[in-house]
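**Student:** Attaching a single structure in structure tokens format; questions to follow.
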Amino acid sequence: MSEQTCVIVGASHAGTQLALSLRQGGWDGRIVLAGDEPVKPYQRPPLSKDVLSGAKSQEQIPIRPASILEKAGIELVLGRRVESIDRSRKILYMEDGEALGYDKLALTLGAYPATIPLTGSDKQGVHYLRKLADVQQIRPFVTEGKSAVIVGGGYIGLEAGAVLRQLGMTVTVLEALPRVLQRVTAPAVSRFYERLHGEEGLWVVTSALVTSIEGEDRVERVHCADGTQFDADLVIIAVGVLPNTQLACHAGLEVEDGILVDEFARTSDPDIVAAGDCTRHFNPIYRRRVRLESVQNAMDQAKTAAATLNGNPEPYHALPWFWSDQYDVKLQIAGLSQGYDNIVLRGDPKTGRSFAVFYFRGEQLLAVDAVNRPGEFMVGKKLLLAGATVDKNKLTDESIPVKTFLDVGTL
Ligand SMILES: Cc1cc2nc3c(=O)[nH]c(=O)nc-3n(C[C@H](O)[C@H](O)[C@H](O)COP(=O)(O)OP(=O)(O)OC[C@H]3O[C@@H](n4cnc5c(N)ncnc54)[C@H](O)[C@@H]3O)c2cc1C
């Protein structure tokens, strides 16, 4: 066994994967996985789904069973924040002042919820939704017949709203922009989700600028700029996330809306890699720098980072994908739609709960949003990875099975 120590800061999807891939790839020194949450690494997506609903407990959502981490000899240091990095001496300082030396360092620090300046946001019953501890605080406010207001109509806000609605709460989603999911989907998809939630009895209000939260001790109502107000026993603020870059910034690493990493997940320090939500990297498929917030990116980039630390660098070349569950609707997204100028629909988003949107820039396929359409998702992924061209007129024709498109083009 070598004397080398790798410390990984951030014990979640990226950190856990990095630790395991590092060991599997031959690292025979110490691996320390350090995280500030006081619990073993758990999956984050169920927080706004099965954990919020009560269908799953903390024990049912480990990222990997504890025995696997133990078997791989990964030392967990939990519930303590890493406060600073002294790069010249290769030492980390914990919040209690303890020093921890490293030979190689990995930063998998994730993201934290964006806040909006609102009077009253410190009242009881007002919450963010990022960590298990957040859901544990939210759950006592979930009561049938009571009212919940979700500030923000992005994926997390809509997922949480769907769960609370299914638990019998009166739910209002207040979105500042003219449509939900505006930053990430085409208008057709936004309109579909607004209709879906309406059918389930949840009220979506768009162009709603929240100005204050009121109540004695606990939250009682939410006010908007146009004078409207909404009763609320629970408020969840879900207005996006920001990358955790403070630690890297103070250590003098290059940061630009995310810790900058190259295709091998290396930061500007050759002994430090980074992966997951906290990073910004160049995506060779879209030929631009991106910062992604997804389990896929966290896991795949972590594997790249581990290979780099093991001395077997392989460039990161993965197609981004994501999913969201709301009611009986599974949305699967392949690729990145930003920059599209035309779309092709398979199925009708105005009726029913199953359709797919193919996003193009000119003739180039950029992304696919598949709503209860696993076939379109799978085919879209393959087309995107191959950079294949598709006949748009045929694509819209539902009498042609979607798998047919794998036989044509450049696959
Ligand atoms: C409610 C919710 C639902 C989601 N649903 C989906 C979904 O359906 N599909 C999907 O693909 N993605 C989903 N995501 C996003 C996905 O969970 C993230 O992309 C993923 O967790 C990123 O993993 P990560 O390891 O990079 O960062 P994180 O999971 O954010 O983990 C970073 C960890 O580092 C810790 N940390 C930060 N700073 C320090 C420090 N200084 N010292 C010690 N520890 C530190 C943090 O506390 C955290 O535990 C969801 C996220 C949330 C919050």
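Just remember, in the structure tokens the first chain shown is A, the second B, etc., residues are 1-based per chain, and ligands are 1-based in the order shown.
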Quick one: residues within 10 Å of stretch 399-406 of chain A, only C-alpha atoms counted, chain neighbours fewer than 2 positions away excluded, as a PyMOL selection string?

**Tutor:** chain A and resi 346+375-380+382-383+386+388-391+394-397+408-411

**Student:** For the residues selected in the previous step, produce a file with all heavy atoms as a compact mmCIF listing (two decimals), in the first residue's frame.

**Tutor:**
# COMPACT_ATOMS: atom_id res chain seq x y z
N ARG A 346 -43.36 14.88 -31.76
CA ARG A 346 -43.99 13.56 -31.99
C ARG A 346 -45.05 13.42 -30.92
O ARG A 346 -44.74 13.40 -29.74
CB ARG A 346 -42.98 12.42 -31.87
CG ARG A 346 -42.29 12.08 -33.18
CD ARG A 346 -41.25 11.02 -32.96
NE ARG A 346 -41.81 9.67 -32.85
CZ ARG A 346 -42.12 8.91 -33.90
NH1 ARG A 346 -41.97 9.35 -35.12
NH2 ARG A 346 -42.59 7.68 -33.71
N GLY A 375 -38.94 5.28 -25.55
CA GLY A 375 -38.40 4.93 -26.87
C GLY A 375 -37.75 6.14 -27.53
O GLY A 375 -36.61 6.06 -28.02
N GLU A 376 -38.44 7.28 -27.50
CA GLU A 376 -37.90 8.50 -28.11
C GLU A 376 -36.64 8.95 -27.36
O GLU A 376 -35.69 9.44 -27.97
CB GLU A 376 -38.95 9.62 -28.09
CG GLU A 376 -39.87 9.63 -29.29
CD GLU A 376 -40.99 8.59 -29.21
OE1 GLU A 376 -40.96 7.74 -28.29
OE2 GLU A 376 -41.89 8.62 -30.06
N PHE A 377 -36.64 8.77 -26.05
CA PHE A 377 -35.46 9.16 -25.25
C PHE A 377 -34.25 8.31 -25.68
O PHE A 377 -33.17 8.84 -25.96
CB PHE A 377 -35.76 8.98 -23.76
CG PHE A 377 -34.58 9.20 -22.85
CD1 PHE A 377 -33.98 10.45 -22.75
CD2 PHE A 377 -34.05 8.15 -22.10
CE1 PHE A 377 -32.89 10.66 -21.91
CE2 PHE A 377 -32.97 8.35 -21.26
CZ PHE A 377 -32.39 9.61 -21.16
N MET A 378 -34.46 7.02 -25.75
CA MET A 378 -33.36 6.11 -26.08
C MET A 378 -32.84 6.39 -27.49
O MET A 378 -31.63 6.50 -27.72
CB MET A 378 -33.89 4.67 -25.94
CG MET A 378 -32.86 3.59 -26.08
SD MET A 378 -32.68 3.08 -27.79
CE MET A 378 -34.24 2.25 -28.08
N VAL A 379 -33.76 6.54 -28.44
CA VAL A 379 -33.36 6.80 -29.83
C VAL A 379 -32.68 8.18 -29.92
O VAL A 379 -31.64 8.33 -30.57
CB VAL A 379 -34.59 6.72 -30.77
CG1 VAL A 379 -34.26 7.26 -32.16
CG2 VAL A 379 -35.07 5.28 -30.86
N GLY A 380 -33.26 9.17 -29.23
CA GLY A 380 -32.68 10.51 -29.24
C GLY A 380 -31.24 10.49 -28.73
O GLY A 380 -30.35 11.11 -29.32
N LYS A 382 -29.10 8.07 -28.79
CA LYS A 382 -28.19 7.43 -29.77
C LYS A 382 -27.94 8.36 -30.95
O LYS A 382 -26.81 8.46 -31.43
CB LYS A 382 -28.79 6.10 -30.25
CG LYS A 382 -28.75 5.06 -29.16
CD LYS A 382 -29.09 3.68 -29.66
CE LYS A 382 -28.87 2.67 -28.53
NZ LYS A 382 -29.47 1.39 -28.77
N LEU A 383 -28.98 9.04 -31.41
CA LEU A 383 -28.81 9.97 -32.54
C LEU A 383 -27.85 11.09 -32.15
O LEU A 383 -26.99 11.50 -32.92
CB LEU A 383 -30.15 10.55 -32.96
CG LEU A 383 -31.15 9.58 -33.63
CD1 LEU A 383 -32.52 10.25 -33.79
CD2 LEU A 383 -30.63 9.13 -34.99
N ALA A 386 -24.27 9.97 -31.94
CA ALA A 386 -23.70 9.70 -33.27
C ALA A 386 -23.58 10.98 -34.10
O ALA A 386 -22.99 10.95 -35.18
CB ALA A 386 -24.56 8.68 -33.98
N ALA A 388 -26.01 12.15 -35.69
CA ALA A 388 -26.71 11.75 -36.92
C ALA A 388 -27.71 12.81 -37.38
O ALA A 388 -28.21 13.59 -36.58
CB ALA A 388 -27.45 10.43 -36.66
N THR A 389 -27.99 12.82 -38.66
CA THR A 389 -29.04 13.70 -39.19
C THR A 389 -30.35 12.90 -39.27
O THR A 389 -30.33 11.67 -39.43
CB THR A 389 -28.68 14.22 -40.59
OG1 THR A 389 -28.27 13.10 -41.38
CG2 THR A 389 -27.60 15.26 -40.54
N VAL A 390 -31.47 13.61 -39.15
CA VAL A 390 -32.77 12.93 -39.14
C VAL A 390 -33.69 13.65 -40.13
O VAL A 390 -33.63 14.88 -40.24
CB VAL A 390 -33.44 13.04 -37.74
CG1 VAL A 390 -34.49 11.96 -37.56
CG2 VAL A 390 -32.44 13.02 -36.63
N ASP A 391 -34.53 12.89 -40.79
CA ASP A 391 -35.53 13.48 -41.69
C ASP A 391 -36.67 14.01 -40.82
O ASP A 391 -37.45 13.24 -40.25
CB ASP A 391 -36.02 12.41 -42.66
CG ASP A 391 -37.02 12.98 -43.66
OD1 ASP A 391 -37.72 13.95 -43.32
OD2 ASP A 391 -37.10 12.42 -44.78
N LYS A 394 -40.33 12.94 -41.54
CA LYS A 394 -40.67 11.57 -41.13
C LYS A 394 -40.76 11.48 -39.60
O LYS A 394 -41.57 10.74 -39.05
CB LYS A 394 -39.61 10.60 -41.65
CG LYS A 394 -39.75 10.34 -43.14
CD LYS A 394 -38.85 9.20 -43.55
CE LYS A 394 -39.00 8.94 -45.05
NZ LYS A 394 -37.79 8.36 -45.60
N LEU A 395 -39.89 12.24 -38.93
CA LEU A 395 -39.83 12.17 -37.46
C LEU A 395 -41.18 12.53 -36.83
O LEU A 395 -41.60 11.95 -35.83
CB LEU A 395 -38.74 13.15 -36.97
CG LEU A 395 -38.36 13.09 -35.51
CD1 LEU A 395 -37.84 11.71 -35.13
CD2 LEU A 395 -37.30 14.15 -35.20
N THR A 396 -41.87 13.47 -37.46
CA THR A 396 -43.14 13.92 -36.89
C THR A 396 -44.27 12.92 -37.16
O THR A 396 -45.32 12.99 -36.53
CB THR A 396 -43.46 15.34 -37.45
OG1 THR A 396 -44.45 15.93 -36.66
CG2 THR A 396 -43.89 15.31 -38.89
N ASP A 397 -44.02 11.98 -38.08
CA ASP A 397 -45.04 11.01 -38.47
C ASP A 397 -45.05 9.83 -37.49
O ASP A 397 -44.16 8.97 -37.52
CB ASP A 397 -44.73 10.53 -39.90
CG ASP A 397 -45.79 9.55 -40.41
OD1 ASP A 397 -46.63 9.11 -39.61
OD2 ASP A 397 -45.73 9.22 -41.61
N VAL A 408 -31.37 4.90 -40.25
CA VAL A 408 -31.01 5.89 -41.26
C VAL A 408 -29.93 6.83 -40.73
O VAL A 408 -29.37 6.59 -39.67
CB VAL A 408 -32.26 6.72 -41.69
CG1 VAL A 408 -33.25 5.83 -42.39
CG2 VAL A 408 -32.87 7.42 -40.51
N GLY A 409 -29.68 7.89 -41.46
CA GLY A 409 -28.70 8.87 -41.00
C GLY A 409 -27.32 8.27 -41.00
O GLY A 409 -27.00 7.39 -41.80
N THR A 410 -26.50 8.68 -40.06
CA THR A 410 -25.08 8.29 -40.10
C THR A 410 -24.72 7.31 -39.00
O THR A 410 -23.58 7.22 -38.59
CB THR A 410 -24.20 9.54 -39.97
OG1 THR A 410 -24.63 10.25 -38.82
CG2 THR A 410 -24.30 10.42 -41.18
N LEU A 411 -25.71 6.60 -38.45
CA LEU A 411 -25.40 5.67 -37.37
C LEU A 411 -24.61 4.46 -37.85
O LEU A 411 -24.82 3.99 -38.92
CB LEU A 411 -26.70 5.18 -36.73
CG LEU A 411 -27.37 6.14 -35.77
CD1 LEU A 411 -28.61 5.50 -35.18
CD2 LEU A 411 -26.42 6.55 -34.65

**Student:** Report as an NGL selection string all protein, DNA and RNA residues lying within 10 Å of A:Trp321, evaluated on only C-alpha atoms, omitting residues in the same chain fewer than 5 positions from it.

**Tutor:** :A and (292-297 or 332-336 or 367-369 or 377 or 381)

**Student:** Include N, CA and C atoms and write out the residues we just selected as an mmCIF file, in the first residue's frame.

**Tutor:**
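Output contents, as saved in result13.cif:
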data_model
loop_
_atom_site.group_PDB
_atom_site.id
_atom_site.type_symbol
_atom_site.label_atom_id
_atom_site.label_comp_id
_atom_site.auth_asym_id
_atom_site.auth_seq_id
_atom_site.Cartn_x
_atom_site.Cartn_y
_atom_site.Cartn_z
ATOM 1 N N LEU A 292 -23.368 21.873 -15.407
ATOM 2 C CA LEU A 292 -24.551 21.011 -15.408
ATOM 3 C C LEU A 292 -24.972 20.678 -13.985
ATOM 4 N N GLU A 293 -26.256 20.487 -13.810
ATOM 5 C CA GLU A 293 -26.788 20.105 -12.496
ATOM 6 C C GLU A 293 -27.524 18.796 -12.681
ATOM 7 N N SER A 294 -26.794 17.698 -12.724
ATOM 8 C CA SER A 294 -27.457 16.403 -12.938
ATOM 9 C C SER A 294 -26.623 15.274 -12.354
ATOM 10 N N VAL A 295 -27.314 14.209 -12.008
ATOM 11 C CA VAL A 295 -26.646 13.027 -11.468
ATOM 12 C C VAL A 295 -25.715 12.437 -12.526
ATOM 13 N N GLN A 296 -26.173 12.421 -13.783
ATOM 14 C CA GLN A 296 -25.335 11.871 -14.866
ATOM 15 C C GLN A 296 -23.972 12.563 -14.902
ATOM 16 N N ASN A 297 -23.994 13.889 -14.893
ATOM 17 C CA ASN A 297 -22.726 14.624 -14.980
ATOM 18 C C ASN A 297 -21.870 14.370 -13.737
ATOM 19 N N GLN A 332 -37.840 12.631 -19.624
ATOM 20 C CA GLN A 332 -36.426 12.278 -19.794
ATOM 21 C C GLN A 332 -35.853 13.214 -20.846
ATOM 22 N N ILE A 333 -34.733 13.807 -20.510
ATOM 23 C CA ILE A 333 -34.125 14.784 -21.408
ATOM 24 C C ILE A 333 -32.754 14.279 -21.834
ATOM 25 N N ALA A 334 -32.537 14.249 -23.138
ATOM 26 C CA ALA A 334 -31.199 13.917 -23.647
ATOM 27 C C ALA A 334 -30.656 15.153 -24.342
ATOM 28 N N GLY A 335 -29.425 15.519 -24.018
ATOM 29 C CA GLY A 335 -28.795 16.658 -24.680
ATOM 30 C C GLY A 335 -29.168 17.985 -24.052
ATOM 31 N N LEU A 336 -28.677 19.050 -24.672
ATOM 32 C CA LEU A 336 -28.910 20.416 -24.178
ATOM 33 C C LEU A 336 -29.605 21.205 -25.284
ATOM 34 N N ALA A 367 -31.235 18.227 -28.847
ATOM 35 C CA ALA A 367 -31.754 17.633 -27.605
ATOM 36 C C ALA A 367 -33.133 17.025 -27.843
ATOM 37 N N VAL A 368 -33.539 16.179 -26.900
ATOM 38 C CA VAL A 368 -34.870 15.581 -26.951
ATOM 39 C C VAL A 368 -35.484 15.653 -25.554
ATOM 40 N N ASP A 369 -36.719 16.150 -25.477
ATOM 41 C CA ASP A 369 -37.500 16.060 -24.239
ATOM 42 C C ASP A 369 -38.550 14.982 -24.474
ATOM 43 N N PHE A 377 -36.636 8.768 -26.045
ATOM 44 C CA PHE A 377 -35.459 9.157 -25.255
ATOM 45 C C PHE A 377 -34.246 8.315 -25.675
ATOM 46 N N LYS A 381 -31.004 9.754 -27.644
ATOM 47 C CA LYS A 381 -29.654 9.666 -27.079
ATOM 48 C C LYS A 381 -28.663 9.121 -28.110
#

**Student:** Kindly provide, as a PyMOL selection string, all nucleotide and amino acid residues lying within 6 Å of ligand 1, counting only C-alpha atoms and all ligand atoms.

**Tutor:** chain A and resi 9-15+34-37+44-45+47-48+81-83+108-111+129-130+156+276-277+293-296+298+322-324

**Student:** Could you save those same residues with N, CA and C atoms as a short mmCIF file (atom, residue, chain, number, x, y, z; two decimals), in the first residue's frame?

**Tutor:**
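Ended up saving to result12.cif:
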data_model
loop_
_atom_site.label_atom_id
_atom_site.label_comp_id
_atom_site.auth_asym_id
_atom_site.auth_seq_id
_atom_site.Cartn_x
_atom_site.Cartn_y
_atom_site.Cartn_z
N VAL A 9 -13.44 16.19 -1.14
CA VAL A 9 -14.29 17.06 -0.31
C VAL A 9 -15.66 17.18 -0.97
N GLY A 10 -16.70 16.74 -0.24
CA GLY A 10 -18.06 16.71 -0.76
C GLY A 10 -18.47 15.26 -0.93
N ALA A 11 -19.33 14.76 0.00
CA ALA A 11 -19.66 13.33 0.02
C ALA A 11 -21.06 13.09 -0.51
N SER A 12 -21.20 13.27 -1.83
CA SER A 12 -22.52 13.03 -2.42
C SER A 12 -22.31 12.22 -3.70
N HIS A 13 -23.09 12.51 -4.76
CA HIS A 13 -23.03 11.68 -5.97
C HIS A 13 -21.62 11.66 -6.57
N ALA A 14 -21.06 12.85 -6.82
CA ALA A 14 -19.75 12.91 -7.47
C ALA A 14 -18.66 12.36 -6.55
N GLY A 15 -18.68 12.76 -5.28
CA GLY A 15 -17.63 12.35 -4.34
C GLY A 15 -17.60 10.84 -4.14
N ALA A 34 -14.71 13.36 2.61
CA ALA A 34 -15.12 14.28 3.68
C ALA A 34 -16.33 15.10 3.24
N GLY A 35 -17.36 15.13 4.09
CA GLY A 35 -18.55 15.91 3.75
C GLY A 35 -19.12 16.61 4.96
N ASP A 36 -19.77 17.74 4.73
CA ASP A 36 -20.29 18.50 5.88
C ASP A 36 -21.67 18.03 6.35
N GLU A 37 -22.35 17.21 5.56
CA GLU A 37 -23.65 16.72 6.03
C GLU A 37 -23.39 15.56 7.01
N ARG A 44 -29.79 12.42 -3.96
CA ARG A 44 -30.51 13.68 -3.80
C ARG A 44 -31.85 13.74 -4.57
N PRO A 45 -31.93 13.17 -5.79
CA PRO A 45 -33.21 13.30 -6.53
C PRO A 45 -34.46 12.87 -5.77
N LEU A 47 -35.31 13.42 -2.89
CA LEU A 47 -35.72 14.39 -1.87
C LEU A 47 -37.01 15.11 -2.27
N SER A 48 -37.13 15.47 -3.55
CA SER A 48 -38.35 16.19 -3.99
C SER A 48 -39.39 15.23 -4.53
N ARG A 81 -17.24 20.58 8.05
CA ARG A 81 -16.97 21.37 6.86
C ARG A 81 -15.47 21.57 6.67
N VAL A 82 -15.03 21.45 5.45
CA VAL A 82 -13.64 21.82 5.15
C VAL A 82 -13.63 23.33 4.93
N GLU A 83 -12.84 24.02 5.71
CA GLU A 83 -12.90 25.49 5.74
C GLU A 83 -11.94 26.14 4.75
N THR A 108 -15.67 17.99 -4.88
CA THR A 108 -16.99 17.59 -5.38
C THR A 108 -18.02 18.28 -4.48
N LEU A 109 -18.00 19.60 -4.55
CA LEU A 109 -18.67 20.42 -3.54
C LEU A 109 -20.13 20.73 -3.87
N GLY A 110 -20.56 20.39 -5.08
CA GLY A 110 -21.97 20.54 -5.42
C GLY A 110 -22.43 21.98 -5.54
N ALA A 111 -23.70 22.18 -5.19
CA ALA A 111 -24.32 23.49 -5.35
C ALA A 111 -25.19 23.78 -4.12
N LEU A 129 -34.92 23.52 -0.55
CA LEU A 129 -34.96 22.06 -0.71
C LEU A 129 -33.71 21.60 -1.44
N ARG A 130 -32.68 21.28 -0.68
CA ARG A 130 -31.44 20.78 -1.29
C ARG A 130 -30.92 19.56 -0.55
N ILE A 156 -37.46 21.35 -9.57
CA ILE A 156 -37.59 20.98 -8.16
C ILE A 156 -38.88 21.54 -7.57
N GLY A 276 -18.74 17.31 -10.93
CA GLY A 276 -20.14 17.48 -10.52
C GLY A 276 -20.65 18.90 -10.64
N ASP A 277 -21.69 19.18 -9.86
CA ASP A 277 -22.40 20.47 -9.94
C ASP A 277 -21.51 21.69 -9.71
N GLU A 293 -26.26 20.49 -13.81
CA GLU A 293 -26.79 20.10 -12.50
C GLU A 293 -27.52 18.80 -12.68
N SER A 294 -26.79 17.70 -12.72
CA SER A 294 -27.46 16.40 -12.94
C SER A 294 -26.62 15.27 -12.35
N VAL A 295 -27.31 14.21 -12.01
CA VAL A 295 -26.65 13.03 -11.47
C VAL A 295 -25.71 12.44 -12.53
N GLN A 296 -26.17 12.42 -13.78
CA GLN A 296 -25.34 11.87 -14.87
C GLN A 296 -23.97 12.56 -14.90
N ALA A 298 -22.51 14.37 -12.57
CA ALA A 298 -21.76 14.15 -11.33
C ALA A 298 -21.03 12.80 -11.37
N PHE A 322 -30.96 13.86 -18.17
CA PHE A 322 -31.62 14.30 -16.93
C PHE A 322 -33.02 13.70 -16.93
N TRP A 323 -33.64 13.65 -15.76
CA TRP A 323 -35.04 13.22 -15.71
C TRP A 323 -35.79 14.01 -14.65
N SER A 324 -37.13 13.99 -14.74
CA SER A 324 -37.96 14.60 -13.70
C SER A 324 -39.26 13.82 -13.62
#

**Student:** Using only C-alpha atoms, determine which residues lie at most 12 Å from A:Glu214, disregarding the query and same-chain residues fewer than 2 positions distant; provide the list as a PyMOL selection string.

**Tutor:** chain A and resi 118-126+210-212+216-224+229-235

**Student:** Keeping only N, CA, C and O atoms, take the residues you just selected and write them out as an mmCIF file, in the first residue's frame.

**Tutor:**
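Listing of part_30.cif after writing:
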data_model
loop_
_atom_site.group_PDB
_atom_site.id
_atom_site.type_symbol
_atom_site.label_atom_id
_atom_site.label_comp_id
_atom_site.auth_asym_id
_atom_site.auth_seq_id
_atom_site.Cartn_x
_atom_site.Cartn_y
_atom_site.Cartn_z
ATOM 1 N N LEU A 118 -36.246 38.533 0.367
ATOM 2 C CA LEU A 118 -37.680 38.629 0.658
ATOM 3 C C LEU A 118 -37.862 38.926 2.127
ATOM 4 O O LEU A 118 -37.298 38.201 2.966
ATOM 5 N N THR A 119 -38.640 39.938 2.455
ATOM 6 C CA THR A 119 -38.921 40.118 3.878
ATOM 7 C C THR A 119 -39.794 38.947 4.323
ATOM 8 O O THR A 119 -40.696 38.536 3.602
ATOM 9 N N GLY A 120 -39.472 38.425 5.488
ATOM 10 C CA GLY A 120 -40.276 37.338 6.043
ATOM 11 C C GLY A 120 -39.780 35.959 5.675
ATOM 12 O O GLY A 120 -40.364 34.959 6.110
ATOM 13 N N SER A 121 -38.684 35.884 4.893
ATOM 14 C CA SER A 121 -38.256 34.543 4.480
ATOM 15 C C SER A 121 -37.604 33.768 5.628
ATOM 16 O O SER A 121 -37.294 32.597 5.488
ATOM 17 N N ASP A 122 -37.442 34.442 6.792
ATOM 18 C CA ASP A 122 -36.889 33.728 7.945
ATOM 19 C C ASP A 122 -37.995 33.166 8.850
ATOM 20 O O ASP A 122 -37.735 32.592 9.897
ATOM 21 N N LYS A 123 -39.253 33.293 8.420
ATOM 22 C CA LYS A 123 -40.354 32.815 9.277
ATOM 23 C C LYS A 123 -40.406 31.284 9.293
ATOM 24 O O LYS A 123 -39.974 30.638 8.345
ATOM 25 N N GLN A 124 -40.985 30.766 10.371
ATOM 26 C CA GLN A 124 -41.186 29.315 10.475
ATOM 27 C C GLN A 124 -42.056 28.833 9.326
ATOM 28 O O GLN A 124 -43.075 29.471 9.010
ATOM 29 N N GLY A 125 -41.679 27.737 8.704
ATOM 30 C CA GLY A 125 -42.494 27.207 7.601
ATOM 31 C C GLY A 125 -41.982 27.615 6.234
ATOM 32 O O GLY A 125 -42.543 27.222 5.220
ATOM 33 N N VAL A 126 -40.882 28.408 6.206
ATOM 34 C CA VAL A 126 -40.287 28.793 4.919
ATOM 35 C C VAL A 126 -38.990 27.994 4.743
ATOM 36 O O VAL A 126 -38.114 28.024 5.612
ATOM 37 N N VAL A 210 -42.884 37.536 -6.383
ATOM 38 C CA VAL A 210 -43.113 37.484 -4.935
ATOM 39 C C VAL A 210 -42.343 38.621 -4.265
ATOM 40 O O VAL A 210 -41.164 38.837 -4.557
ATOM 41 N N THR A 211 -43.028 39.361 -3.385
ATOM 42 C CA THR A 211 -42.363 40.503 -2.740
ATOM 43 C C THR A 211 -42.139 40.293 -1.245
ATOM 44 O O THR A 211 -41.165 40.792 -0.690
ATOM 45 N N SER A 212 -43.056 39.591 -0.583
ATOM 46 C CA SER A 212 -42.843 39.381 0.861
ATOM 47 C C SER A 212 -43.621 38.169 1.362
ATOM 48 O O SER A 212 -44.561 37.705 0.728
ATOM 49 N N GLU A 216 -47.415 35.886 11.762
ATOM 50 C CA GLU A 216 -46.969 36.254 13.110
ATOM 51 C C GLU A 216 -45.582 35.656 13.360
ATOM 52 O O GLU A 216 -44.580 36.292 13.105
ATOM 53 N N ASP A 217 -45.576 34.384 13.823
ATOM 54 C CA ASP A 217 -44.297 33.682 13.958
ATOM 55 C C ASP A 217 -44.091 32.819 12.731
ATOM 56 O O ASP A 217 -43.038 32.807 12.131
ATOM 57 N N ARG A 218 -45.175 32.110 12.411
ATOM 58 C CA ARG A 218 -45.120 31.194 11.264
ATOM 59 C C ARG A 218 -45.606 31.907 10.018
ATOM 60 O O ARG A 218 -46.332 32.890 10.099
ATOM 61 N N VAL A 219 -45.237 31.375 8.872
ATOM 62 C CA VAL A 219 -45.720 31.928 7.620
ATOM 63 C C VAL A 219 -47.248 31.775 7.550
ATOM 64 O O VAL A 219 -47.805 30.769 7.984
ATOM 65 N N GLU A 220 -47.911 32.844 7.029
ATOM 66 C CA GLU A 220 -49.366 32.778 6.852
ATOM 67 C C GLU A 220 -49.774 33.084 5.414
ATOM 68 O O GLU A 220 -50.746 32.541 4.913
ATOM 69 N N ARG A 221 -49.045 34.013 4.780
ATOM 70 C CA ARG A 221 -49.371 34.308 3.373
ATOM 71 C C ARG A 221 -48.162 34.865 2.632
ATOM 72 O O ARG A 221 -47.198 35.328 3.246
ATOM 73 N N VAL A 222 -48.293 34.775 1.292
ATOM 74 C CA VAL A 222 -47.220 35.260 0.414
ATOM 75 C C VAL A 222 -47.801 36.374 -0.449
ATOM 76 O O VAL A 222 -48.896 36.241 -1.006
ATOM 77 N N HIS A 223 -47.068 37.488 -0.542
ATOM 78 C CA HIS A 223 -47.534 38.646 -1.324
ATOM 79 C C HIS A 223 -46.773 38.760 -2.633
ATOM 80 O O HIS A 223 -45.563 38.533 -2.676
ATOM 81 N N CYS A 224 -47.498 39.187 -3.677
ATOM 82 C CA CYS A 224 -46.848 39.421 -4.979
ATOM 83 C C CYS A 224 -46.917 40.914 -5.320
ATOM 84 O O CYS A 224 -47.736 41.658 -4.776
ATOM 85 N N GLN A 229 -52.319 37.973 -3.116
ATOM 86 C CA GLN A 229 -51.718 37.268 -1.987
ATOM 87 C C GLN A 229 -52.259 35.853 -1.903
ATOM 88 O O GLN A 229 -53.373 35.580 -2.341
ATOM 89 N N PHE A 230 -51.450 34.974 -1.332
ATOM 90 C CA PHE A 230 -51.787 33.557 -1.301
ATOM 91 C C PHE A 230 -51.587 33.025 0.116
ATOM 92 O O PHE A 230 -50.520 33.240 0.706
ATOM 93 N N ASP A 231 -52.600 32.331 0.646
ATOM 94 C CA ASP A 231 -52.458 31.718 1.965
ATOM 95 C C ASP A 231 -51.378 30.645 1.909
ATOM 96 O O ASP A 231 -51.278 29.922 0.906
ATOM 97 N N ALA A 232 -50.614 30.556 2.985
ATOM 98 C CA ALA A 232 -49.552 29.549 2.997
ATOM 99 C C ALA A 232 -49.245 29.094 4.416
ATOM 100 O O ALA A 232 -48.981 29.917 5.293
ATOM 101 N N ASP A 233 -49.310 27.781 4.639
ATOM 102 C CA ASP A 233 -48.827 27.204 5.896
ATOM 103 C C ASP A 233 -47.396 26.710 5.717
ATOM 104 O O ASP A 233 -46.690 26.439 6.676
ATOM 105 N N LEU A 234 -47.031 26.560 4.449
ATOM 106 C CA LEU A 234 -45.683 26.102 4.098
ATOM 107 C C LEU A 234 -45.258 26.825 2.825
ATOM 108 O O LEU A 234 -46.055 26.960 1.893
ATOM 109 N N VAL A 235 -44.016 27.303 2.811
ATOM 110 C CA VAL A 235 -43.459 27.911 1.592
ATOM 111 C C VAL A 235 -42.149 27.195 1.274
ATOM 112 O O VAL A 235 -41.311 27.001 2.155
#

**Student:** Closest to A:Ala19 among A:Ser354, A:Gln364, A:Ser190, A:Asn310, using only C-alpha atoms?

**Tutor:**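 Once distances to A:Ala19 are computed over only C-alpha atoms, the minimum belongs to A:Asn310.
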
**Student:** Would you please extract all alpha helix (DSSP H) residues from stretch 170-268 of chain A, as assigned by DSSP on the backbone, and give them as a list of chain:residue names?

**Tutor:** A:Pro187, A:Ala188, A:Val189, A:Ser190, A:Arg191, A:Phe192, A:Tyr193, A:Glu194, A:Arg195, A:Leu196, A:His197, A:Gly198, A:Glu199, A:Gln246, A:Leu247, A:Ala248, A:Cys249, A:His250

**Student:** Which polymer residues have any atom within 9 Å of an atom of A:Val290, counting only C-alpha atoms, with same-chain residues fewer than 3 positions away left out, as JSON, numbers by chain?

**Tutor:** {"A": [279, 280, 281, 282, 283, 286]}

**Student:** Find the residues near A:Arg64: any atom within 8 Å, counting only C-alpha atoms, skip ones fewer than 3 places away on the same chain, and give them as a PDB file with C-alpha atoms, in the first residue's frame.

**Tutor:**
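Okay, this is what ended up in around.pdb:
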ATOM      1  CA  THR A  16     -18.838   8.807  -3.703  1.00  0.00           C
ATOM      2  CA  PRO A  41     -23.931   9.767   1.203  1.00  0.00           C
ATOM      3  CA  TYR A  42     -27.529   9.612  -0.038  1.00  0.00           C
ATOM      4  CA  ILE A  68     -19.269  -1.290  -0.396  1.00  0.00           C
ATOM      5  CA  LEU A  69     -17.546   1.883   0.799  1.00  0.00           C
TER       6      LEU A  69
END
